[in-house]
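S.K.: Encoded as C-alpha cells, here's the structure I'll be asking about.
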Protein chains: 2
Amino acid sequence: MFSDSKNNIKLSELLADVKSSFSLEDVKDLIEGQISAPRPLDRSTWMNLVVEEPSESLKKSLTIFEEQCRVETEKNSRGSLNLKERLTALRKQLSDQNLDGFLVPLADEHQSEFPPLKAQRLAWLTGFTGSSGLAIVLRDRAAIFVDGRYTLQVRRQVDQKLLEIRHIVNDPPATWLKRNATKKSKIGYDPWLHTVDGLNKITAQCGPAGVKFTAVEMNPIDRVWKNQPCAPLAPVFIHPVSLAGRSARDKIKSVAETLSENGATAGILTAPDSIAWLLNIRGGDLPFTPVALGFAILFSSSNVQLFMDSQKILKKTKVFLEDNAYLRQPEEFQAALQELGKTKSVVQFSFSNGPCWIMEQLQKSGVKILNVEDPCILPKACKNSVELQGMRNAHIRDGVALCKFFSWLSKNSLSGDINEASAAEVLFKFRSAGAFFRGLSFETISGFGENGAVVHYRVTPETNKKLEPGSLYLVDSGAQYSDGTTDVTRTLAIGKPSLEMEDRFTRVLKGHIAIATASFPSGTTGGQLDALARRPLWDVGLDFDHGTGHGVGSYLGVHEGPQRISKQMSNVPLRPGMVVSNEPGYYKEGAFGIRIENLEIVRFSVLQEKVFDNHQMLCFEALTLAPIDTNLINTKIMTQHEIDWLNHYHERVRKTITPLLDNGTAAWLESVTRAL
Amino acid sequence: MFSDSKNNIKLSELLADVKSSFSLEDVKDLIEGQISAPRPLDRSTWMNLVVEEPSESLKKSLTIFEEQCRVETEKNSRGSLNLKERLTALRKQLSDQNLDGFLVPLADEHQSEFPPLKAQRLAWLTGFTGSSGLAIVLRDRAAIFVDGRYTLQVRRQVDQKLLEIRHIVNDPPATWLKRNATKKSKIGYDPWLHTVDGLNKITAQCGPAGVKFTAVEMNPIDRVWKNQPCAPLAPVFIHPVSLAGRSARDKIKSVAETLSENGATAGILTAPDSIAWLLNIRGGDLPFTPVALGFAILFSSSNVQLFMDSQKILKKTKVFLEDNAYLRQPEEFQAALQELGKTKSVVQFSFSNGPCWIMEQLQKSGVKILNVEDPCILPKACKNSVELQGMRNAHIRDGVALCKFFSWLSKNSLSGDINEASAAEVLFKFRSAGAFFRGLSFETISGFGENGAVVHYRVTPETNKKLEPGSLYLVDSGAQYSDGTTDVTRTLAIGKPSLEMEDRFTRVLKGHIAIATASFPSGTTGGQLDALARRPLWDVGLDFDHGTGHGVGSYLGVHEGPQRISKQMSNVPLRPGMVVSNEPGYYKEGAFGIRIENLEIVRFSVLQEKVFDNHQMLCFEALTLAPIDTNLINTKIMTQHEIDWLNHYHERVRKTITPLLDNGTAAWLESVTRAL
C-alpha cells in the first residue's frame with residue numbers, strides 16, 4: 001500500500017507500544033484532513049491527535065508517513081479529468097438527476113471568507129481561482145460570473161469555449177438565467193452552499209420567468225470530483241481566558257439570555273468564528289482565519305451542542321469543552337435539528353448567513369423559526385479589555401516587524417534587487433520572528449507602480465514587478481498572533497515622487513486623519529463617518545472605490561461584522577471595544593496606488609462635555625504603530641491640526657517601538673518620525 | 001333661512017341675471033368648502049367658481065353671503081359635545097359596530113403634512129392640536145401617543161382622566177395595545193387614513209398577541225362629529241408652463257414611460273403634490289402647500305383620470321385639464337379601480353404612501369399589484385432650469401423682505417417693544433409686499449432665548465417672549481411664491497452675546513459651510529454628507545437632534561422627498577436640480593437656540609477633474625440670500641477657507657439685494673456684510 005513499508009512497520013509497532021487505538025488507515029485519514037487544511041507553522045501539532053504526547057521516535061515516524069501521504073495525494077490530484085471532461089461529467093450527473101442546470105457558487109457550508117480546499121468546486125470545474133464568483137451550468141451552455149476585480153484573471157484562466165464570461169453586476173446570474181433557461185427549467189442547487197436570503201433573491205428574480213430551483217441531495221460535483229479533498233481536520237486548541245478575557249461559560253450565559261429576550265428557546269450557530277469566540281477555541285481548518293469548522297446549537301438554558309469531528313479535537317480541548325458543550329459528531333446534526341421539533345422549540349436562525357439546508361430541516365421539524373442575526377456577532381465585535389490589551393500588544397510586535405521591514409527597504413529599495421514577491425517574503429520573515437505569531441491574516445498585497453492601483457492585487461510570477469525609482473510601493477498585510485489580529489497598509493515613495501503623487505498621498509492622509517480624530521455621539525454608524533475620509537479627495541474631483549473601514553476580530557477573522565465604515569449604509573452603530581480599519585486610498589489606473597491603513601479601537605471620548613441627549617461621545621484609538629512616509633507629504637495643503645496629529649502619532653510610534661529595535665533600525669525610525 | 005334675506009334676494013336676482021345654474025344652496029355648499037380650506041390671500045377668487053367673471057355688484061353680494069355663512073358655521077361648531085361626551089359617543093358607535101377599539105391617527109387620505117380641517121379628528125376627539133399623534137380608544141380605556149416635541153402641550157390640552165398620555169417612541173401604540181387589548185380584540189381602523197406599510201407594521205407587531213384589525217366602512221368619528229367641516233373646495237388654477245418649465249403632456253408622457261419600464265399598465269397617484277406637479281395645477285385646500293386634494297390614475301398609454309370635485313375647478317383650468325386628463329368625480333374613484341380589474345391591468349401603487357382602502361379595492365378588482373414608489377416623486381424633486389430660475393427669483397424677493405425685516409429689527413430690537421409674535425407679523429408684512437407672494441410655506445418659528453431652543457416652537461399668547469438684550473433670536477420662516485418656495489433660518493444676537501453663544505454659533509456656521517462647500521461624486525446620498533455638518537459640534541461633544549436638510553418643492557411642499565441630509569440613511573442619491581435645505585443647529589435647553597438655514601440647489605461641479613469611475617462631481621449652489629449675523633462669529637476657530645466662503649456669500653447677498661432696497665436698508669446691509 002505505501003512505498004516505505006519499513007517505516008510503516010515501525011509506525012505500527014510504535015503505535016502499539018503506546019496502546020494507541022489508531023491503525024495506519026486511521027492515521028492516514030487524519031493526515032488527509034491535515035492535507036485538506038492549510039499547512040500550519042507547527043508541523044507536528046496534529047500528531048497530538050494520535051497520541052497526546054508522542055515520543056521523538058513516533059514523531060519522526062509520523063513525519064515520514066505524512067510525507068508519503070502528501071506525495072501520494074499530490075500524485076492523485078494530478079491524473080484527473082481536464083476541464084472539458086469535468087463539465088461533461090457534471091452534465092451527465094445533471095441529466096441523471098433530471099436537472100436542466102446547476103448553480104456552482106464559491107462557498108462552503110459556513111459562508112467562509114476563505115473556503116477550504118474541499119469547497120473549491122468552482123476552481124475545480126472552471127479553472128478560475130479568484131476569491132469570489134459563481135458558475136451556472138445548463139445542458140447546452142454555461143457561464144461564469146465574476147466581479148470587476150477578476151475580469152482579467154478569469155479570461156486568463158477560463159476556456160471561453162466552455163464557459164461564457166459575465167460581469168456579476170452588469171449582467172447578473174438571474175438575468176442570464178432568465179435569458180438562457182427555458183420555461184419550466186429545473187435548476188439544481190446545493191442547499192448547503194446558499195444562504196436562505198441568497199437563494200430567495202435569485203428565486204424571486206427568476207421565478208416570474210418560470211425557472212424552478214430544486215435542492216440536490218448530494219452536490220453532483222462531489223460525485224464526479226475524484227480525489228476531492230476531505231474535510232479539513234486541523235487540531236482544535238483552547239484559546240485561554242488569559243487572552244479571551246472572558247470564560248466560555250460567561251459568554252454562553254449572556255448570549256443565551258439574548259435568545260430568551262427574542263422569545264427563542266434555541267439558536268443555530270453556523271459561523272465558525274462565532275463558535276470559536278463563544279467556546280474559546282481556535283483551529284486551523286481555513287487559511288488566515290484560525291477557526292475549526294463545525295456547527296452549534298445554543299439553548300436558552302445555556303446548554304450548547306457542538307457538532308464537530310472529534311478526530312480533530314485535542315484531548316485537552318475535549319476536556320475543556322466538556323465543561324461548556326456537549327460534543328456531537330457532524331453526522332448527528334440532522335437528527336439534532338429534528339429533535340428540536342419534538343420539544344416545540346422556537347429556533348432563531350440567520351437567513352442572511354445560514355444555509356438553506358438548515359432552513360429545510362427546521363421547517364421539516366415543525367419548529368417555529370425566527371429570522372435573527374447570529375447572536376454572537378455583536379458581543380464578539382465589542383472586545384473586552386483583555387482582548388483590547390492583546391490587540392495593543394500584538395500591534396507593538398507587528399510594528400517592530402514593520403519598522404524592520406521598512407528600514408531594510410529604505411536601504412535596499414534602489415538596489416534593483418527587490419521585487420514585490422521578495423519584499424513580501426522579507427516582511428513575512430520579520431513578522432514570523434515575533435512572539436505569538438501564528439501566521440498571516442490574509443495574503444499580503446505587495447504592489448509596485450501600476451500594480452499598486454489594483455485594489456485586490458496579489459503578486460504572481462507573471463505580474464511580479466521590480467521596485468524602481470519614480471513610483472510608489474503599496475504593502476497591505478496583516479498577521480494572526482495568539483493575542484490579536486493585525487491589518488496595516490503603508491505606501492512608500494521609491495525614489496522621488498511626482499507632485500501629483502504627493503498631492504494625492506496628502507489628501508489620503510488628510511482623510512485618514514479626519515477619521516482618526518473624529519469624535520462622535522454613540523449611536524453613530526460607520527456609514528455616517530465615511531465621507532470624512534473622502535472629502536479631501538472629493539474636493540479635487542477624486543474618490544476611491546472601496547469601503548473606508550471593516551471590523552477586525554481578536555485572533556479571528558481579519559474581516560468581521562457588524563460594523564464598517566462605508567458608503568453602503570448600515571444601521572449598526574460603532575460601539576466601544578469594536579476594532580475597525582481606517583484605510584482611505586487613491587488609485588490611478590496604470591500608474592500608482594495609495595492606501596494608508598491603521599486599525600482603530602472605538603472608545604469613549606474623554607471630552608468633558610456631554611452631547612445633547614445624554615449620549616456619550618466616542619472616538620478612535622489607533623492600534624497600528626508604523627511610520628507614515630513623510631517624503632510623500634505636502635504640508636501646504638494640511639492644517640496645523642493635521643500636522644500636529646501626524647507628529648504626535650509618529651512620536652508615539654517612536655517611543656513605543658524604539659526600545660524593541662536594534663540600533664540601526666532605531667536610528668532609521670528616529671529619522672523618519674521627526675516632527676514636521 | 002338666512003338672517004339677511006335682503007341680500008339673499010338680491011343675490012338670487014344677480015345669479016339669475018347672468019343665467020347661473022347656481023341656487024343659493026349651491027353657493028352655500030361652495031362656501032362651506034371655502035370655510036373648510038385655509039383663508040386665501042385673494043378672498044374673491046372662489047367667486048369665479050360661481051360665475052367666470054362676476055360683476056362688482058355680484059361680488060359684493062357674494063361677500064355678504066359668505067360672511068353670513070362663516071358666522072353661522074362658527075356658531076354651529078361651538079354648541080357641540082364636550083370631550084367626555086365625544087369619547088362616549090365614539091364608544092357607543094364602536095359597540096354598535098361590534099368593535100373593541102379604534103385607531104385615531106392624525107392623517108388624511110393623502111397622508112398630507114398639514115391635513116385639512118375635516119381630517120382633524122384627533123383634535124376633535126382629544127383636544128390635542130399638535131401636528132403629529134395617534135389615539136387608541138378601547139371600550140374601557142384610551143390613550144394618546146405623541147412624540148418628544150409635544151409632551152408638554154399634550155398635558156396642557158388633554159384630560160388625563162379620559163386619555164392616558166404615552167410617548168410614541170418609548171411606549172409605542174403596538175406595545176400599549178398588546179398590553180391593554182384582550183386576546184381576540186377587534187380593533188377598527190379607517191382604511192383611508194392608514195398606509196399599507198403603516199398598517200402592516202402595527203398588524204405584525206400586534207398579530208402574535210391575538211389582536212385583530214378590521215377596516216370600517218365609515219369612520220365612526222364622522223358619524224358622531226356634528227358639523228364636521230366638509231371637504232375643502234378652494235379654487236384649482238393653472239400653474240403656467242412659463243413657471244413649470246415643462247408641459248403637463250410632456251411630464252405625463254415621461255412618467256407613463258417609467259410605468260411601462262416597471263411592467264405596469266397603470267399607476268395610482270394619491271399625493272396631491274404629485275398630481276399638482278404632473279398636471280401643472282395648483283390649489284388651496286391645505287395650509288401652506290398650494291395643492292388641490294384628489295386622486296389620479298395614470299395609464300402607461302399616457303392617459304390620466306383625475307378624480308377631483310369639479311365644483312372647485314375654475315373654468316379655465318377645466319379647459320386646460322381637458323387636454324391632459326379625463327376629469328371624473330371623487331365618487332367614481334371606486335368604480336374606476338374596479339374597472340382596472342376588467343382590463344387585466346398591472347397596477348403600481350406605493351405601499352408606503354398609499355391608503356389601505358385603495359389596496360383593498362385593487363385586491364378586490366383582481367389586478368396584479370406592484371409596490372412601487374410614487375413615480376412623480378423623483379422627477380418632481382429634480383427641478384428643471386425654469387423652475388430653478390423661478391426659485392432663484394423667489395429667493396431674491398425673499399431676501400429683500402428678510403433684509404428689510406432684519407434691518408428693522410436691528411433698529412428696534414432693544415426697544416423692549418418687540419415680541420416673538422409681533423416680529424413674525426412684521427416679517428409677514430415685508431414678505432407679503434413682494435411680487436408673486438402667495439402665503440407662508442409653514443408657520444413661522446419666531447423664538448427668543450429659551451424658546452429658540454424648542455426646535456418646533458410655535459409662538460402662542462402664553463409663551464410669547466419680549467426680545468431683550470443678552471440672548472439670541474431665532475427665526476425660521478418661508479413663503480410660497482408663484483415661482484418658488486422658500487425656507488430660511490437666521491439667528492441674531494440681541495445685545496451682547498456670551499462667549500458660549502459665539503462658540504456654538506461659529507460651530508453651527510462651520511457645519512453649514514462644510515455642506516455649502518461640499519463637492520461629491522454623483523451617487524452620494526444626503527446621509528453620507530450629514531456628518532460634515534455635525535463635526536464642528538462633535539469636536540466639543542455636542543450635536544443637534546434633527547436632520548441637516550430636507551427637500552423643498554417648486555411652489556409646492558416645503559418638505560418633499562425623496563432626498564434629505566440626515567442621520568437616517570436612505571439610498572436616494574442627491575441629483576442635479578434637487579433643492580435641499582442646509583440647516584445645522586445647536587440647542588441649549590432652557591437657554592438659547594441656534595440654526596443657520598439656506599436652501600441649496602444640487603448642481604454639477606465645474607471641477608475639471610473627473611472622479612475615478614466617470615462619476616460627475618456635484619456641489620451646492622446657495623439659493624437663500626440673507627446676511628448671517630457676524631456679531632456671533634468667533635473667527636479664531638474658523639479656517640481661512642471658511643472665512644473666505646462667508647465673505648463671498650455676503651458679497652453676493654449685498655450685490656444681489658442692494659439694488660432692490662431703500663437707502664436705509666441698503667446702508668444697513670452694507671454694514672452687516674463687510675468682509676471679516
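If you're wondering about the labels, chains in the C-alpha cells are A, B, ... by order shown, residues count from 1 in each chain, ligands from 1 in order shown.
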Gly341 (chain B): which residues within 6 Å, counting only C-alpha atoms, same-chain residues fewer than 6 positions away excluded, as a PDB file with N, CA, C and O atoms, in the first residue's frame?

M.R.:
```pdb
ATOM      1  N   SER B 365     -60.392  43.929  -7.145  1.00  0.00           N
ATOM      2  CA  SER B 365     -60.565  44.024  -8.607  1.00  0.00           C
ATOM      3  C   SER B 365     -59.761  42.943  -9.317  1.00  0.00           C
ATOM      4  O   SER B 365     -59.970  42.688 -10.503  1.00  0.00           O
ATOM      5  N   GLY B 366     -58.828  42.324  -8.578  1.00  0.00           N
ATOM      6  CA  GLY B 366     -58.074  41.209  -9.168  1.00  0.00           C
ATOM      7  C   GLY B 366     -56.915  41.639 -10.051  1.00  0.00           C
ATOM      8  O   GLY B 366     -56.365  40.820 -10.790  1.00  0.00           O
ATOM      9  N   VAL B 367     -56.515  42.892  -9.996  1.00  0.00           N
ATOM     10  CA  VAL B 367     -55.348  43.312 -10.789  1.00  0.00           C
ATOM     11  C   VAL B 367     -54.080  42.776 -10.144  1.00  0.00           C
ATOM     12  O   VAL B 367     -54.070  42.368  -8.988  1.00  0.00           O
TER      13      VAL B 367
END
```

S.K.: Show me which bits of chain A are within 10 Å of chain B, counting only C-alpha atoms, as a PyMOL selection string.

M.R.: chain A and resi 514+517-521+523-532+534-545+566-571+586-589+605-613+615-619+639

S.K.: How would the residues just chosen look if you wrote them out with N, CA and C atoms as a compact mmCIF listing (two decimals), in the first residue's frame?

M.R.:
```
# COMPACT_ATOMS: atom_id res chain seq x y z
N ALA A 514 -8.85 62.59 9.38
CA ALA A 514 -10.23 63.01 9.70
C ALA A 514 -10.97 61.90 10.44
N THR A 517 -9.26 61.30 14.07
CA THR A 517 -9.52 62.33 15.08
C THR A 517 -11.01 62.59 15.29
N ALA A 518 -11.85 61.80 14.63
CA ALA A 518 -13.30 62.05 14.76
C ALA A 518 -13.78 61.79 16.18
N SER A 519 -14.65 62.64 16.63
CA SER A 519 -15.34 62.45 17.90
C SER A 519 -16.82 62.48 17.52
N PHE A 520 -17.60 61.53 18.03
CA PHE A 520 -18.98 61.41 17.52
C PHE A 520 -19.86 60.79 18.60
N PRO A 521 -21.16 61.12 18.59
CA PRO A 521 -22.03 60.59 19.65
C PRO A 521 -22.30 59.09 19.48
N GLY A 523 -24.24 55.85 18.93
CA GLY A 523 -25.38 55.74 18.01
C GLY A 523 -24.97 56.04 16.59
N THR A 524 -23.79 56.66 16.43
CA THR A 524 -23.32 56.98 15.08
C THR A 524 -22.85 55.71 14.38
N THR A 525 -23.19 55.57 13.10
CA THR A 525 -22.75 54.41 12.32
C THR A 525 -21.50 54.78 11.53
N GLY A 526 -20.78 53.74 11.11
CA GLY A 526 -19.61 53.99 10.27
C GLY A 526 -19.98 54.69 8.97
N GLY A 527 -21.16 54.37 8.45
CA GLY A 527 -21.59 55.00 7.20
C GLY A 527 -21.69 56.51 7.33
N GLN A 528 -22.02 56.99 8.54
CA GLN A 528 -22.10 58.43 8.73
C GLN A 528 -20.72 59.09 8.71
N LEU A 529 -19.69 58.35 9.08
CA LEU A 529 -18.34 58.93 9.14
C LEU A 529 -17.61 58.85 7.81
N ASP A 530 -18.08 57.95 6.95
CA ASP A 530 -17.34 57.62 5.73
C ASP A 530 -16.90 58.84 4.93
N ALA A 531 -17.80 59.83 4.78
CA ALA A 531 -17.49 60.99 3.93
C ALA A 531 -16.32 61.80 4.47
N LEU A 532 -16.08 61.74 5.79
CA LEU A 532 -14.95 62.48 6.36
C LEU A 532 -13.65 62.02 5.70
N ARG A 534 -13.30 60.84 2.70
CA ARG A 534 -13.28 61.08 1.25
C ARG A 534 -13.19 62.56 0.89
N ARG A 535 -13.61 63.41 1.82
CA ARG A 535 -13.77 64.82 1.47
C ARG A 535 -12.51 65.45 0.84
N PRO A 536 -11.30 65.21 1.38
CA PRO A 536 -10.13 65.85 0.75
C PRO A 536 -9.92 65.42 -0.71
N LEU A 537 -10.34 64.20 -1.05
CA LEU A 537 -10.27 63.77 -2.45
C LEU A 537 -11.43 64.36 -3.25
N TRP A 538 -12.62 64.33 -2.66
CA TRP A 538 -13.79 64.92 -3.34
C TRP A 538 -13.50 66.37 -3.73
N ASP A 539 -12.78 67.07 -2.86
CA ASP A 539 -12.50 68.49 -3.12
C ASP A 539 -11.83 68.71 -4.47
N VAL A 540 -11.09 67.70 -4.96
CA VAL A 540 -10.46 67.86 -6.28
C VAL A 540 -11.04 66.87 -7.28
N GLY A 541 -12.26 66.42 -7.02
CA GLY A 541 -12.95 65.59 -8.00
C GLY A 541 -12.50 64.14 -8.02
N LEU A 542 -11.92 63.66 -6.92
CA LEU A 542 -11.44 62.26 -6.89
C LEU A 542 -12.16 61.49 -5.79
N ASP A 543 -11.93 60.19 -5.76
CA ASP A 543 -12.57 59.32 -4.76
C ASP A 543 -11.82 57.99 -4.79
N PHE A 544 -12.22 57.07 -3.94
CA PHE A 544 -11.69 55.70 -4.03
C PHE A 544 -12.85 54.73 -3.99
N ASP A 545 -12.68 53.61 -4.67
CA ASP A 545 -13.79 52.69 -4.92
C ASP A 545 -13.78 51.49 -3.99
N SER A 566 -18.34 52.85 5.52
CA SER A 566 -18.57 52.56 4.12
C SER A 566 -19.68 53.42 3.56
N LYS A 567 -19.65 53.62 2.24
CA LYS A 567 -20.77 54.26 1.57
C LYS A 567 -22.04 53.44 1.72
N GLN A 568 -21.86 52.10 1.76
CA GLN A 568 -23.02 51.24 1.97
C GLN A 568 -23.48 51.48 3.40
N MET A 569 -24.69 51.95 3.51
CA MET A 569 -25.19 52.31 4.82
C MET A 569 -25.61 51.06 5.59
N SER A 570 -25.41 51.08 6.88
CA SER A 570 -25.98 50.03 7.73
C SER A 570 -26.49 50.72 8.98
N ASN A 571 -27.33 50.01 9.73
CA ASN A 571 -27.90 50.61 10.93
C ASN A 571 -27.12 50.28 12.18
N TYR A 586 -6.24 56.02 -2.77
CA TYR A 586 -6.44 56.65 -4.08
C TYR A 586 -5.69 55.80 -5.10
N TYR A 587 -6.33 55.55 -6.24
CA TYR A 587 -5.76 54.64 -7.23
C TYR A 587 -5.82 55.27 -8.61
N LYS A 588 -4.66 55.43 -9.19
CA LYS A 588 -4.61 55.95 -10.56
C LYS A 588 -4.27 54.77 -11.46
N GLU A 589 -5.27 54.33 -12.21
CA GLU A 589 -5.12 53.11 -13.00
C GLU A 589 -3.92 53.19 -13.93
N SER A 605 -14.86 58.86 24.51
CA SER A 605 -14.04 60.06 24.44
C SER A 605 -13.86 60.60 25.85
N VAL A 606 -12.74 61.31 26.07
CA VAL A 606 -12.53 61.90 27.38
C VAL A 606 -13.09 63.32 27.44
N LEU A 607 -13.80 63.72 26.37
CA LEU A 607 -14.41 65.06 26.35
C LEU A 607 -15.25 65.28 27.59
N GLN A 608 -15.06 66.44 28.19
CA GLN A 608 -15.82 66.75 29.41
C GLN A 608 -17.30 66.96 29.10
N GLU A 609 -17.55 67.65 28.01
CA GLU A 609 -18.94 67.99 27.71
C GLU A 609 -19.68 66.77 27.16
N LYS A 610 -20.94 66.70 27.49
CA LYS A 610 -21.75 65.60 27.01
C LYS A 610 -22.64 66.10 25.87
N VAL A 611 -23.01 65.12 25.03
CA VAL A 611 -23.86 65.50 23.92
C VAL A 611 -25.29 65.71 24.41
N PHE A 612 -26.07 66.40 23.60
CA PHE A 612 -27.42 66.85 23.94
C PHE A 612 -28.30 65.87 24.70
N ASP A 613 -28.25 64.63 24.33
CA ASP A 613 -29.30 63.71 24.80
C ASP A 613 -28.70 62.64 25.70
N HIS A 615 -26.09 61.22 25.28
CA HIS A 615 -25.25 60.29 24.53
C HIS A 615 -23.81 60.52 24.94
N GLN A 616 -23.08 59.45 25.16
CA GLN A 616 -21.65 59.55 25.38
C GLN A 616 -20.99 59.84 24.05
N MET A 617 -19.89 60.56 24.09
CA MET A 617 -19.13 60.77 22.86
C MET A 617 -18.11 59.63 22.72
N LEU A 618 -17.91 59.20 21.49
CA LEU A 618 -16.94 58.15 21.19
C LEU A 618 -15.82 58.72 20.33
N CYS A 619 -14.71 58.01 20.31
CA CYS A 619 -13.61 58.41 19.43
C CYS A 619 -12.78 57.16 19.09
N THR A 639 -3.77 71.24 7.48
CA THR A 639 -3.98 72.22 8.55
C THR A 639 -2.96 71.92 9.66
```

S.K.: Apply DSSP to the structure's backbone, then extract all residues of region 178-234 of chain A labelled strand (DSSP E or B) and return them as a PyMOL selection string.

M.R.: chain A and resi 186-189+195+212-215

S.K.: Just give me the gap between CA of Gln205 (chain A) and CA of Arg223 (chain A) in Å, one decimal is fine.

M.R.: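 Separating CA of Gln205 (chain A) from CA of Arg223 (chain A) is a distance of 29.2 Å.
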
S.K.: Find the residue from B:Ser80, B:Thr343, B:Ser112, B:Thr73 that sits nearest to Ala292 (chain B); use only C-alpha atoms when measuring.

M.R.: B:Ser112

S.K.: Give me the residues within 10 Å of Thr656 (chain B) as a count of residues only, counting only C-alpha atoms and dropping any in the same chain fewer than 5 places off.

M.R.: 6

S.K.: List every residue of region 571-650 of chain A that DSSP, applied to the backbone of this structure, places in alpha helix (DSSP H), and write the result as an MDAnalysis selection string.

M.R.: chainID A and resid 640:650

S.K.: Choose the residue, out of B:Leu117, B:Ala591, B:Ala266, B:Leu409, that has the smallest atom-to-atom separation from Asn227 (chain B); count only C-alpha atoms.

M.R.: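 Closest to Asn227 (chain B), using only C-alpha atoms: B:Leu117.
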